[in-house]
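Undergrad: Coordinates in final-v6.txt, compact mmCIF, C-alpha atoms, are listed below.
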```txt
# COMPACT_ATOMS: atom_id res chain seq x y z
CA MET A 748 -18.70 4.91 19.58
CA THR A 749 -16.16 7.25 21.12
CA HIS A 750 -13.78 9.90 19.84
CA GLU A 751 -10.98 7.60 20.96
CA GLN A 752 -12.29 4.78 18.73
CA PHE A 753 -12.54 7.15 15.78
CA SER A 754 -9.03 8.50 16.35
CA ARG A 755 -7.56 5.02 16.74
CA LEU A 756 -9.23 3.82 13.53
CA VAL A 757 -8.05 6.80 11.49
CA LEU A 758 -4.47 6.35 12.75
CA THR A 759 -4.60 2.64 11.88
CA LEU A 760 -5.77 3.45 8.36
CA TYR A 761 -3.15 6.16 7.78
CA ARG A 762 -0.35 3.98 9.07
CA GLY A 763 -1.53 0.89 7.23
CA CYS A 764 -1.89 2.61 3.87
CA ARG A 765 1.91 2.73 3.59
CA GLU A 766 2.18 -1.02 4.00
CA GLN A 767 -0.87 -2.43 2.21
CA PRO A 768 -0.68 -3.32 -1.51
CA VAL A 769 -3.12 -1.40 -3.71
CA ALA A 770 -4.96 -4.57 -4.78
CA GLY A 771 -5.87 -5.46 -1.21
CA PHE A 772 -6.14 -2.03 0.40
CA GLN A 773 -9.91 -1.51 0.11
CA ASP A 774 -10.75 -4.91 1.61
CA TRP A 775 -8.23 -4.30 4.38
CA ALA A 776 -9.71 -0.85 5.07
CA PHE A 777 -13.27 -2.23 5.22
CA GLU A 778 -12.10 -4.87 7.69
CA GLN A 779 -10.59 -2.22 9.97
CA ILE A 780 -13.79 -0.16 9.84
CA ASN A 781 -15.90 -3.24 10.56
CA PHE A 782 -14.22 -3.65 13.94
CA VAL A 783 -15.71 -0.31 15.02
CA LEU A 784 -18.78 0.11 12.79
CA PRO A 785 -20.20 -3.38 12.11
CA PHE A 786 -21.67 -4.12 8.68
CA ASP A 787 -22.09 -7.12 6.39
CA SER A 788 -20.98 -5.94 2.95
CA ALA A 789 -19.91 -2.79 1.15
CA LEU A 790 -19.31 -1.00 -2.13
CA TRP A 791 -16.63 1.52 -3.14
CA LEU A 792 -17.02 3.35 -6.46
CA THR A 793 -15.32 6.26 -8.21
CA GLY A 794 -16.94 8.08 -11.09
CA VAL A 795 -18.72 11.16 -12.40
CA LEU A 796 -22.34 12.22 -12.01
CA HIS A 797 -23.86 13.58 -15.24
CA PRO A 798 -26.54 16.29 -15.45
CA ASP A 799 -29.20 13.73 -16.41
CA GLY A 800 -28.70 11.94 -13.11
CA ASN A 801 -26.81 8.99 -14.53
CA ALA A 802 -23.27 8.24 -13.39
CA THR A 803 -20.23 6.86 -15.14
CA PHE A 804 -18.14 4.73 -12.81
CA HIS A 805 -14.43 4.29 -13.41
CA THR A 806 -13.55 1.92 -10.59
CA ARG A 807 -15.75 -0.57 -8.75
CA HIS A 808 -14.90 -2.55 -5.65
CA LEU A 809 -17.29 -4.90 -3.89
CA TYR A 810 -16.72 -6.20 -0.37
CA ARG A 811 -18.51 -9.47 0.45
CA GLN A 812 -20.80 -9.05 -2.55
CA PRO A 813 -20.70 -10.78 -5.97
CA PRO A 814 -19.96 -8.84 -9.20
CA GLN A 815 -23.47 -9.60 -10.42
CA LEU A 816 -24.81 -7.02 -7.96
CA LEU A 817 -23.61 -4.18 -10.18
CA ALA A 818 -24.92 -5.77 -13.37
CA ASP A 819 -28.36 -6.21 -11.80
CA TRP A 820 -28.29 -2.66 -10.43
CA ALA A 821 -27.59 -1.29 -13.93
CA ALA A 822 -30.73 -3.05 -15.16
CA THR A 823 -32.94 -1.76 -12.34
CA GLN A 824 -35.58 0.83 -13.21
CA LYS A 825 -35.42 4.32 -11.63
CA ARG A 826 -32.04 3.62 -10.05
CA GLU A 827 -30.95 7.17 -10.98
CA MET A 828 -33.31 8.55 -8.31
CA PHE A 829 -31.28 6.96 -5.52
CA THR A 830 -28.00 7.86 -7.24
CA GLN A 831 -29.05 11.51 -7.50
CA LYS A 832 -30.07 11.57 -3.85
CA VAL A 833 -26.69 10.34 -2.66
CA PHE A 834 -24.57 12.34 -5.12
CA ALA A 835 -26.55 15.55 -4.55
CA THR A 836 -25.15 15.97 -1.04
CA PRO A 837 -21.43 15.15 -1.12
CA GLY A 838 -19.95 14.89 2.33
CA THR A 839 -23.29 14.04 3.92
CA THR A 840 -23.95 10.40 4.72
CA CYS A 841 -27.37 9.17 3.66
CA SER A 842 -29.09 6.49 5.73
CA CYS A 843 -31.56 4.29 3.90
CA VAL A 844 -33.95 1.49 4.83
CA THR A 845 -34.33 -0.26 1.49
CA SER A 846 -37.85 -1.55 2.10
CA GLN A 847 -39.09 1.95 2.96
CA ASP A 848 -36.92 4.45 1.07
CA MET A 849 -36.61 2.75 -2.31
CA GLY A 850 -39.10 1.94 -5.02
CA PRO A 851 -40.33 -1.64 -5.43
CA GLU A 852 -37.75 -2.67 -8.06
CA MET A 853 -34.79 -1.20 -6.21
CA ALA A 854 -35.99 -2.68 -2.93
CA GLN A 855 -36.30 -6.07 -4.60
CA HIS A 856 -32.77 -5.76 -5.95
CA ALA A 857 -31.45 -4.85 -2.50
CA HIS A 858 -33.32 -7.72 -0.85
CA ARG A 859 -31.86 -10.17 -3.38
CA TYR A 860 -28.37 -9.25 -2.15
CA HIS A 861 -29.33 -9.15 1.54
CA ILE A 862 -29.16 -5.37 1.79
CA GLU A 863 -31.72 -4.05 4.23
CA HIS A 864 -29.91 -0.96 5.54
CA ILE A 865 -27.49 1.38 3.76
CA LEU A 866 -25.10 4.13 4.80
CA ALA A 867 -23.89 5.88 1.64
CA THR A 868 -21.47 8.80 1.37
CA THR A 869 -19.99 10.61 -1.62
CA HIS A 870 -16.75 12.54 -1.58
CA ILE A 871 -15.46 14.81 -4.37
CA ASP A 872 -11.75 14.87 -5.17
CA PRO A 873 -10.94 18.62 -5.07
CA VAL A 874 -8.44 18.33 -7.94
CA ALA A 875 -9.65 15.57 -10.26
CA LEU A 876 -13.32 16.38 -9.49
CA LEU A 877 -14.12 12.69 -9.37
CA HIS A 878 -16.82 11.41 -7.04
CA GLU A 879 -16.17 8.55 -4.68
CA LEU A 880 -19.18 6.65 -3.39
CA ILE A 881 -18.64 4.47 -0.34
CA SER A 882 -21.60 2.47 0.94
CA ILE A 883 -21.86 -0.07 3.74
CA TYR A 884 -24.74 -2.52 4.09
CA ARG A 885 -26.46 -4.50 6.81
CA ALA A 886 -28.51 -7.61 6.11
CA ASP A 887 -30.59 -7.78 9.30
CA LEU A 888 -33.78 -5.74 9.04
CA ASP A 889 -33.87 -5.47 12.83
CA LYS A 890 -30.43 -3.82 13.05
CA PRO A 891 -30.69 -0.39 11.41
CA PHE A 892 -27.86 2.13 11.44
CA ASN A 893 -28.38 4.79 14.08
CA GLU A 894 -27.59 8.50 13.92
CA GLU A 895 -24.31 8.09 15.79
CA GLU A 896 -23.14 5.56 13.21
CA ARG A 897 -24.23 7.81 10.35
CA LEU A 898 -22.21 10.71 11.73
CA PHE A 899 -19.26 8.38 12.37
CA GLN A 900 -19.16 7.37 8.70
CA GLN A 901 -19.68 10.97 7.59
CA ALA A 902 -16.59 12.06 9.53
CA LEU A 903 -14.55 9.07 8.36
CA ILE A 904 -15.08 9.20 4.59
CA PRO A 905 -12.88 12.27 3.81
CA HIS A 906 -10.03 10.56 5.66
CA LEU A 907 -10.69 7.27 3.88
CA ALA A 908 -10.65 8.93 0.45
CA GLU A 909 -7.36 10.68 1.22
CA ILE A 910 -5.82 7.52 2.67
CA TRP A 911 -6.66 5.57 -0.48
CA ARG A 912 -5.09 8.35 -2.57
CA LEU A 913 -1.91 8.11 -0.50
CA ASN A 914 -1.89 4.33 -0.88
CA ARG A 915 -2.13 4.57 -4.68
CA MET A 916 0.38 7.42 -4.95
CA GLN A 917 2.94 5.39 -3.02
CA ALA A 918 2.38 2.48 -5.38
CA LEU A 919 2.87 4.79 -8.37
CA THR A 920 6.09 6.13 -6.88
CA GLN A 921 7.41 2.62 -6.34
CA ALA A 922 6.36 1.53 -9.82
CA SER A 923 8.30 4.44 -11.33
CA GLN A 924 11.53 3.10 -9.85
CA PRO A 925 13.69 0.64 -11.83
CA ALA A 926 12.53 -2.93 -11.35
CA CYS A 927 15.93 -3.88 -10.00
CA ALA A 928 16.08 -1.07 -7.44
CA ALA A 929 16.62 -2.08 -3.83
CA ILE A 930 13.81 -1.02 -1.51
CA SER A 931 15.01 1.67 0.86
CA ARG A 932 13.34 2.70 4.09
CA THR A 933 13.76 6.11 5.66
CA ALA A 934 13.88 7.84 9.02
CA ALA A 935 15.01 11.16 10.48
CA ALA A 936 16.91 11.62 13.73
CA ASP A 937 18.54 14.52 15.54
CA GLY A 938 22.19 14.85 16.52
CA LYS A 939 21.56 12.96 19.76
CA GLY A 940 20.16 9.97 17.87
CA VAL A 941 16.53 10.55 18.83
CA LEU A 942 14.16 9.48 16.06
CA HIS A 943 11.72 12.16 14.97
CA LEU A 944 10.21 10.38 11.95
CA THR A 945 10.43 6.78 10.83
CA ASP A 946 9.04 4.52 8.15
CA PRO A 947 7.70 1.28 9.72
CA GLY A 948 9.98 -0.60 7.34
CA PHE A 949 13.02 1.21 8.76
CA THR A 950 11.95 0.20 12.26
CA ARG A 951 11.85 -3.45 11.15
CA LEU A 952 15.34 -3.14 9.68
CA LEU A 953 16.65 -1.90 13.03
CA GLN A 954 14.92 -4.70 14.91
CA ASN A 955 16.40 -7.31 12.57
CA GLU A 956 19.89 -5.92 13.13
CA TRP A 957 19.42 -5.32 16.86
CA PRO A 958 16.79 -7.76 18.23
CA GLY A 959 14.99 -6.27 21.20
CA TRP A 960 15.75 -2.68 20.17
CA ARG A 961 13.10 -0.10 21.00
CA GLY A 962 13.18 3.63 20.28
CA PRO A 963 13.13 6.49 20.38
CA ARG A 964 16.95 6.55 20.50
CA LEU A 965 18.95 4.95 17.69
CA PRO A 966 21.17 1.95 18.50
CA ASP A 967 24.61 3.00 19.70
CA GLU A 968 26.34 1.89 16.49
CA LEU A 969 24.19 4.16 14.35
CA LEU A 970 24.46 7.01 16.84
CA ALA A 971 28.25 6.76 16.57
CA GLN A 972 27.96 7.23 12.80
CA ILE A 973 26.08 10.50 13.37
CA GLU A 974 28.49 11.74 16.04
CA ASN A 975 31.52 10.97 13.85
CA ARG A 976 29.81 12.24 10.67
CA HIS A 977 30.29 8.87 8.97
CA MET A 978 27.77 8.75 6.15
CA ARG A 979 27.57 4.98 5.72
CA PHE A 980 26.97 2.07 8.10
CA VAL A 981 27.23 -1.60 7.18
CA GLY A 982 25.97 -4.08 9.75
CA LYS A 983 25.19 -7.79 9.74
CA THR A 984 21.80 -7.38 8.04
CA ILE A 985 21.45 -3.67 7.29
CA VAL A 986 23.15 -0.98 5.23
CA ALA A 987 22.31 2.60 6.13
CA GLY A 988 23.32 5.89 4.58
CA LEU A 989 23.20 9.21 6.40
CA SER A 990 22.88 12.75 5.10
CA GLU A 991 22.22 16.06 6.82
CA LEU A 992 18.71 17.46 6.54
CA ASP A 993 18.50 20.92 8.11
CA GLU A 994 18.90 20.23 11.85
CA LEU A 995 18.22 16.51 11.44
CA PHE A 996 19.89 13.55 9.79
CA LEU A 997 18.14 11.61 7.05
CA LEU A 998 18.73 7.87 7.29
CA ARG A 999 18.10 5.54 4.36
CA GLY A 1000 18.30 1.85 5.18
CA ARG A 1001 18.00 -1.37 3.21
CA LYS A 1002 18.75 -5.02 3.63
CA LYS A 1003 22.38 -5.97 3.25
CA SER A 1004 23.29 -7.69 -0.01
CA ARG A 1005 26.25 -9.48 -1.53
CA LEU A 1006 27.36 -6.22 -3.12
CA ASP A 1007 28.10 -4.88 0.35
CA THR A 1008 30.82 -7.52 0.79
CA LEU A 1009 33.00 -5.76 -1.79
CA THR A 1010 35.88 -3.59 -0.66
CA GLN A 1011 36.00 0.02 -1.84
CA ARG A 1012 38.64 -0.83 -4.46
CA GLU A 1013 36.66 -3.85 -5.67
CA ARG A 1014 33.62 -1.64 -5.99
CA GLU A 1015 35.57 0.87 -8.09
CA VAL A 1016 36.78 -1.89 -10.41
CA ALA A 1017 33.27 -3.33 -10.69
CA MET A 1018 31.76 0.05 -11.56
CA GLN A 1019 34.31 0.77 -14.25
CA PHE A 1020 34.17 -2.71 -15.78
CA SER A 1021 30.35 -2.72 -15.92
CA ALA A 1022 30.55 0.70 -17.63
CA GLY A 1023 32.50 -0.89 -20.47
CA ARG A 1024 36.13 -0.17 -19.60
CA SER A 1025 38.80 -2.77 -20.33
CA HIS A 1026 41.24 -4.26 -17.81
CA LYS A 1027 43.95 -2.01 -19.20
CA GLU A 1028 41.81 1.13 -18.94
CA ILE A 1029 40.80 0.27 -15.38
CA ALA A 1030 44.41 -0.37 -14.41
CA GLN A 1031 45.50 2.96 -15.85
CA SER A 1032 42.65 4.81 -14.08
CA LEU A 1033 43.43 3.26 -10.69
CA ALA A 1034 47.23 3.19 -11.10
CA ILE A 1035 47.44 -0.60 -10.78
CA ALA A 1036 48.72 -3.37 -13.03
CA PRO A 1037 46.32 -4.94 -15.57
CA ALA A 1038 46.88 -8.31 -13.90
CA THR A 1039 45.82 -6.79 -10.59
CA ALA A 1040 42.65 -5.44 -12.23
CA ARG A 1041 41.88 -8.94 -13.57
CA ASN A 1042 42.51 -10.40 -10.10
CA TYR A 1043 40.09 -7.90 -8.55
CA LEU A 1044 37.47 -8.78 -11.14
CA SER A 1045 37.84 -12.49 -10.39
CA LYS A 1046 37.23 -11.83 -6.70
CA ILE A 1047 34.22 -9.65 -7.54
CA TYR A 1048 32.65 -12.36 -9.68
CA HIS A 1049 33.17 -14.90 -6.89
CA LYS A 1050 31.70 -12.70 -4.15
CA LEU A 1051 28.66 -11.72 -6.21
CA ASP A 1052 28.19 -15.18 -7.74
CA VAL A 1053 28.05 -13.85 -11.31
CA ASP A 1054 29.95 -14.86 -14.43
CA ASN A 1055 29.36 -12.06 -16.93
CA LYS A 1056 29.35 -8.29 -17.27
CA ALA A 1057 25.55 -8.00 -17.77
CA ALA A 1058 24.81 -9.78 -14.48
CA LEU A 1059 27.36 -7.59 -12.71
CA ALA A 1060 25.81 -4.42 -14.11
CA HIS A 1061 22.35 -5.56 -13.01
CA ILE A 1062 23.48 -5.99 -9.40
CA LEU A 1063 25.24 -2.64 -9.38
CA ARG A 1064 22.13 -0.85 -10.67
CA SER A 1065 20.02 -2.37 -7.92
CA HIS A 1066 21.87 -0.63 -5.10
CA ASP A 1067 23.05 2.81 -4.18
```
Could you rewrite the structure in this file as structure tokens?
TA:
Amino acid sequence: MTHEQFSRLVLTLYRGCREQPVAGFQDWAFEQINFVLPFDSALWLTGVLHPDGNATFHTRHLYRQPPQLLADWAATQKREMFTQKVFATPGTTCSCVTSQDMGPEMAQHAHRYHIEHILATTHIDPVALLHELISIYRADLDKPFNEEERLFQQALIPHLAEIWRLNRMQALTQASQPACAAISRTAAADGKGVLHLTDPGFTRLLQNEWPGWRGPRLPDELLAQIENRHMRFVGKTIVAGLSELDELFLLRGRKKSRLDTLTQREREVAMQFSAGRSHKEIAQSLAIAPATARNYLSKIYHKLDVDNKAALAHILRSHD
């Protein structure tokens, strides 16, 4: 194993955590690790170690192992001895040969689930003070983990714990948004259109609008928006808003929708009507005839393929 392999793996995990759903993240992460540090199965737990040596686990995730493994482990005598050993040295990866380092009952349990070698590491969340236990297993007695592999896992686990936290925090942030909200992707560029930061989703939006585009410079059409200080761009497949952010420009992009086909005046009418104003009130506000307001509304309904105020309001809420 090389420093380059470690660095490449960590970058893959950090980048991927923004794209992977929470439900599948741990399996995906184990698969990425397996490319570099081969193993047959794994376990990822979070919990608290009590003074008596027992642990309360709040989350449990098994990789290539059946749920019964944990039930059988809970019924195994003297299991707290191994738990204490691993939890007593957070940040240090323990290497274990089950037939040599465990008592007869625990070794029998491990053998039943084809676990002959273990690398186990605990990590303590500095804020929540929860322990995370991440263990990988090998089934072949003749293929023990070596010291290089132990140190590799030891260096990786703090990153892995933080990456999983980022993955879950992103999911919480998204879940806190209204269900109808359009998904926006972000990037930051300087005044010359050179990208400094970009969400992978924003990159995909650009490639859908401009097939074959490659950075680091923005497509000419978006660069023109920055140069002319136009704060909104509407393309064939993308809608992007721009705002100044210190010496950079913040770009927020999303897929184009039917709402983007409305003219500015149609949008004004739609906003006021969905807010509960009558045709007469809208006409007075915009200095147009009531019949003109009704005509605008008819066009809006046709463009958005809706037939009532509630459906109109739902579409308006889902976009900037």
Undergrad: Would you list the contacts of A:Gly794 as an NGL selection string, taking every protein, DNA or RNA residue within 9 Å and counting all atoms listed in the file, but skipping same-chain residues closer than 6 positions in sequence?
TA: :A and (802-806 or 877-880)
Undergrad: Kindly provide, as a PyMOL selection string, the polymer residues lying within 10 Å of (10.9, 8.3, 5.3), counting only C-alpha atoms and using the coordinates exactly as they appear in the file.
TA: chain A and resi 931-935+944-949+997-1000
Undergrad: Which distance in Å separates atom CA of A:Leu992 and atom CA of A:Asp937, to one decimal?
TA: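 Computing it gives 9.5 Å between the two atoms.
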Undergrad: Report as a PDB file with C-alpha atoms, keeping the file's coordinate frame all protein, DNA and RNA residues lying within 12 Å of stretch 908-912 of chain A, evaluated on only C-alpha atoms, omitting residues in the same chain fewer than 4 positions from it.
TA:
```pdb
ATOM      1  CA  LEU A 756      -9.230   3.820  13.530  1.00  0.00           C
ATOM      2  CA  VAL A 757      -8.050   6.800  11.490  1.00  0.00           C
ATOM      3  CA  LEU A 758      -4.470   6.350  12.750  1.00  0.00           C
ATOM      4  CA  THR A 759      -4.600   2.640  11.880  1.00  0.00           C
ATOM      5  CA  LEU A 760      -5.770   3.450   8.360  1.00  0.00           C
ATOM      6  CA  TYR A 761      -3.150   6.160   7.780  1.00  0.00           C
ATOM      7  CA  ARG A 762      -0.350   3.980   9.070  1.00  0.00           C
ATOM      8  CA  GLY A 763      -1.530   0.890   7.230  1.00  0.00           C
ATOM      9  CA  CYS A 764      -1.890   2.610   3.870  1.00  0.00           C
ATOM     10  CA  ARG A 765       1.910   2.730   3.590  1.00  0.00           C
ATOM     11  CA  GLU A 766       2.180  -1.020   4.000  1.00  0.00           C
ATOM     12  CA  GLN A 767      -0.870  -2.430   2.210  1.00  0.00           C
ATOM     13  CA  PRO A 768      -0.680  -3.320  -1.510  1.00  0.00           C
ATOM     14  CA  VAL A 769      -3.120  -1.400  -3.710  1.00  0.00           C
ATOM     15  CA  ALA A 770      -4.960  -4.570  -4.780  1.00  0.00           C
ATOM     16  CA  GLY A 771      -5.870  -5.460  -1.210  1.00  0.00           C
ATOM     17  CA  PHE A 772      -6.140  -2.030   0.400  1.00  0.00           C
ATOM     18  CA  GLN A 773      -9.910  -1.510   0.110  1.00  0.00           C
ATOM     19  CA  ASP A 774     -10.750  -4.910   1.610  1.00  0.00           C
ATOM     20  CA  TRP A 775      -8.230  -4.300   4.380  1.00  0.00           C
ATOM     21  CA  ALA A 776      -9.710  -0.850   5.070  1.00  0.00           C
ATOM     22  CA  PHE A 777     -13.270  -2.230   5.220  1.00  0.00           C
ATOM     23  CA  TRP A 791     -16.630   1.520  -3.140  1.00  0.00           C
ATOM     24  CA  LEU A 792     -17.020   3.350  -6.460  1.00  0.00           C
ATOM     25  CA  THR A 793     -15.320   6.260  -8.210  1.00  0.00           C
ATOM     26  CA  GLY A 838     -19.950  14.890   2.330  1.00  0.00           C
ATOM     27  CA  THR A 868     -21.470   8.800   1.370  1.00  0.00           C
ATOM     28  CA  THR A 869     -19.990  10.610  -1.620  1.00  0.00           C
ATOM     29  CA  HIS A 870     -16.750  12.540  -1.580  1.00  0.00           C
ATOM     30  CA  ILE A 871     -15.460  14.810  -4.370  1.00  0.00           C
ATOM     31  CA  ASP A 872     -11.750  14.870  -5.170  1.00  0.00           C
ATOM     32  CA  PRO A 873     -10.940  18.620  -5.070  1.00  0.00           C
ATOM     33  CA  VAL A 874      -8.440  18.330  -7.940  1.00  0.00           C
ATOM     34  CA  ALA A 875      -9.650  15.570 -10.260  1.00  0.00           C
ATOM     35  CA  LEU A 877     -14.120  12.690  -9.370  1.00  0.00           C
ATOM     36  CA  HIS A 878     -16.820  11.410  -7.040  1.00  0.00           C
ATOM     37  CA  GLU A 879     -16.170   8.550  -4.680  1.00  0.00           C
ATOM     38  CA  LEU A 880     -19.180   6.650  -3.390  1.00  0.00           C
ATOM     39  CA  ILE A 881     -18.640   4.470  -0.340  1.00  0.00           C
ATOM     40  CA  GLN A 900     -19.160   7.370   8.700  1.00  0.00           C
ATOM     41  CA  GLN A 901     -19.680  10.970   7.590  1.00  0.00           C
ATOM     42  CA  ALA A 902     -16.590  12.060   9.530  1.00  0.00           C
ATOM     43  CA  LEU A 903     -14.550   9.070   8.360  1.00  0.00           C
ATOM     44  CA  ILE A 904     -15.080   9.200   4.590  1.00  0.00           C
ATOM     45  CA  MET A 916       0.380   7.420  -4.950  1.00  0.00           C
ATOM     46  CA  GLN A 917       2.940   5.390  -3.020  1.00  0.00           C
ATOM     47  CA  ALA A 918       2.380   2.480  -5.380  1.00  0.00           C
ATOM     48  CA  LEU A 919       2.870   4.790  -8.370  1.00  0.00           C
TER      49      LEU A 919
END
```
Undergrad: What is the atom CA of A:Ala1022-atom CA of A:Lys1002 distance in Å, reported with one decimal?
TA: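 Answer for the atom CA of A:Ala1022 to atom CA of A:Lys1002 separation: 25.0 Å.
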Undergrad: Which one of A:Leu1006, A:Leu816, A:Met853, A:Ala936 sits closest to A:Glu974 if you count only C-alpha atoms?
TA: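 Residue with the minimum atom-to-atom distance to A:Glu974: A:Ala936.
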Undergrad: Hey, can you pull every residue with an atom no more than 12 Å from (-33.6, -8.1, -0.5), using all atoms listed in the file, and send it as number ranges by chain?
TA: A: 816, 844-847, 849, 851-864, 884-888
Undergrad: Between atom CA of A:Leu1009 and atom CA of A:Ser990, what is the distance, to one decimal in Å?
TA: 22.2 Å
Undergrad: Choose the residue, out of A:Arg964, A:Arg1001, A:Arg1012, A:Arg755, that has the smallest atom-to-atom separation from A:Ala1030; count only C-alpha atoms.
TA: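 Smallest distance to A:Ala1030 is found for A:Arg1012.
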Undergrad: Would you kindly return, as a list in words, each protein, DNA or RNA residue with an atom no farther than 6 Å from any atom of A:Ser882, considering only C-alpha atoms and excluding same-chain residues fewer than 6 positions away?
TA: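 The contact residues come out as Ala789, Leu790, Leu866 and Ala867 of chain A.
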Undergrad: A:Ile883, A:Pro891, A:Ile1029, A:Ala971: which is nearest A:Asp787, counting all atoms listed in the file?
TA: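 Once distances to A:Asp787 are computed over all atoms listed in the file, the minimum belongs to A:Ile883.
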Undergrad: Taking 6 positions as the minimum chain separation for residues in the same chain, which residues sit within 8 Å of stretch 979-986 of chain A when counting only C-alpha atoms? Answer as a PyMOL selection string.
TA: chain A and resi 952-953+955-956+969+972+1000-1003+1007
Undergrad: Need the shell around A:Lys1056: protein/DNA/RNA residues with any atom at most 10 Å away, counting all atoms listed in the file. Skip same-chain ones fewer than 5 positions apart. Format as a JSON list (two decimals) with C-alpha atoms, in the frame of the given file?
TA:
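Printed below is around_8.json as written:
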```json
[["chain", "number", "residue", "atom", "x", "y", "z"],
["A", 1017, "ALA", "CA", 33.27, -3.33, -10.69],
["A", 1020, "PHE", "CA", 34.17, -2.71, -15.78],
["A", 1021, "SER", "CA", 30.35, -2.72, -15.92],
["A", 1022, "ALA", "CA", 30.55, 0.70, -17.63],
["A", 1023, "GLY", "CA", 32.50, -0.89, -20.47],
["A", 1048, "TYR", "CA", 32.65, -12.36, -9.68],
["A", 1061, "HIS", "CA", 22.35, -5.56, -13.01]]
```
Undergrad: Of the candidates A:Lys939, A:Trp960, A:Ala835, A:Met828, which one gets nearest to A:Asp848 if we count only C-alpha atoms?
TA: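 Nearest candidate to A:Asp848 out of A:Lys939, A:Trp960, A:Ala835, A:Met828: A:Met828.
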Undergrad: Check the smallest atom-to-atom distance from each of A:Leu1063, A:Ala1057, A:Ala1036, A:Val941 to A:Ser1004 using all atoms listed in the file, then report the winner.
TA: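 Of A:Leu1063, A:Ala1057, A:Ala1036, A:Val941, the one nearest A:Ser1004 is A:Leu1063, counting all atoms listed in the file.
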Undergrad: Nearest residue to A:Ile1035 out of A:Val795, A:Ala821, A:Val1016, A:Asp993, using all atoms listed in the file?
TA: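 The shortest atom-to-atom distance to A:Ile1035 comes from A:Val1016.
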